[in-house]
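**Q** Below you will find the structure I want to go over with you.
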Amino acid sequence: MTRFRHFIIHKPYGYLSQFIYELKRKKKLLGELHDFPERTMAIGRLDEDSEGLLLLTTDGKMSEMVRSKKVDKEYYVQVDGIITQEAIDKMKMGVEIGFNGTKYMTKSCQSFIVTDVPAFGARGKKIRDERHGPTSWASITVSEGKFRQVRKMTAAVGFPTLRLIRVRIGNIYLNDLQAGEVIEVSDFQLNE
């Protein structure tokens, strides 16, 4: 019987959520963070400029389960400006974003203003100079995962995302895992 392997990682800023990149430009890939076994795949993705919790597995069925709409994903987003409760409420109800050249209404979600921001550490690239105005943080929990959806949601309510960190998948939390850190686990306990 095949023994599958599972990993929890904190994907740093500037890495692609993949192991092979065929285009000519040099990109940082997940395989540079750890000696993963053959056939390891990322479950879902985080954009190159997004950070945080990423699950990896050698089990394709596990990958399908985690990507399903039954498993919530929570993100902490640092936005341009001081986000308002009105903007949070709009995102909770669903907002219209562009997806594949058409308009898409996001499903209702959980969202709140984050006042006690965890010590995530500095990002690999400076976000911007403080002279450009204040920033604030919000939590957004979605069960769907359209391309760059969370970034599009904050932009739709007037607060563009400056930094995005996934902090939870189901009941697996980023906690104090440092950027680039990898932990091997025997299984993903995803029950809510």
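As shown in the structure tokens, the chain order sets the letters A, B, ...; within each chain, residues go from 1, and ligands are also counted from 1 in the order they appear.
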Can you list, as a list in words, every protein, DNA or RNA residue that comes within 7 Å of A:Leu46 when you count only C-alpha atoms, leaving out same-chain residues fewer than 4 positions away?

**A** Ser17, Ser50 and Glu51 of chain A

**Q** Return as a ChimeraX atom specification the full set of residues in chain A whose backbone-based DSSP assignment is strand (DSSP E).

**A** /A:6-11,15-16,28-29,41-43,51-57,73-80,96-99,102-105,110-114,135-142,161-169,172-173,182-185

**Q** Find the residues around A:Lys92 up to 7 Å (only C-alpha atoms counted), leave out those fewer than 6 positions away in its own chain, and share them as number ranges by chain.

**A** A: 108-111

**Q** Tell me, as a list of chain:residue names, which residues lie within 9 Å of A:Glu181, counting only C-alpha atoms; anything in the same chain fewer than 5 positions away does not count.

**A**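 Once the nearby chain positions are removed, what remains is A:Ile8, A:Ile9, A:His10, A:Lys11, A:Pro12, A:Leu33, A:His34.
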
**Q** Could you give me, as a ChimeraX atom specification, the residues within 10 Å of A:Ile140, counting only C-alpha atoms and dropping anything in the same chain fewer than 5 positions from it?

**A** /A:73-77,88,91-92,109-114,150,153-154,166

**Q** From a DSSP calculation on the backbone, collect every residue of chain A in alpha helix (DSSP H) and output the set as a list in words.

**A**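 Put together, the selection reads Gly60, Lys61, Met62, Ser63, Glu64, Met65, Val66, Arg67, Gln85, Glu86, Ala87, Ile88, Asp89, Lys90, Met91, Lys92, Met93, Gln149, Val150, Arg151, Lys152, Met153, Thr154, Ala155 and Ala156 of chain A.
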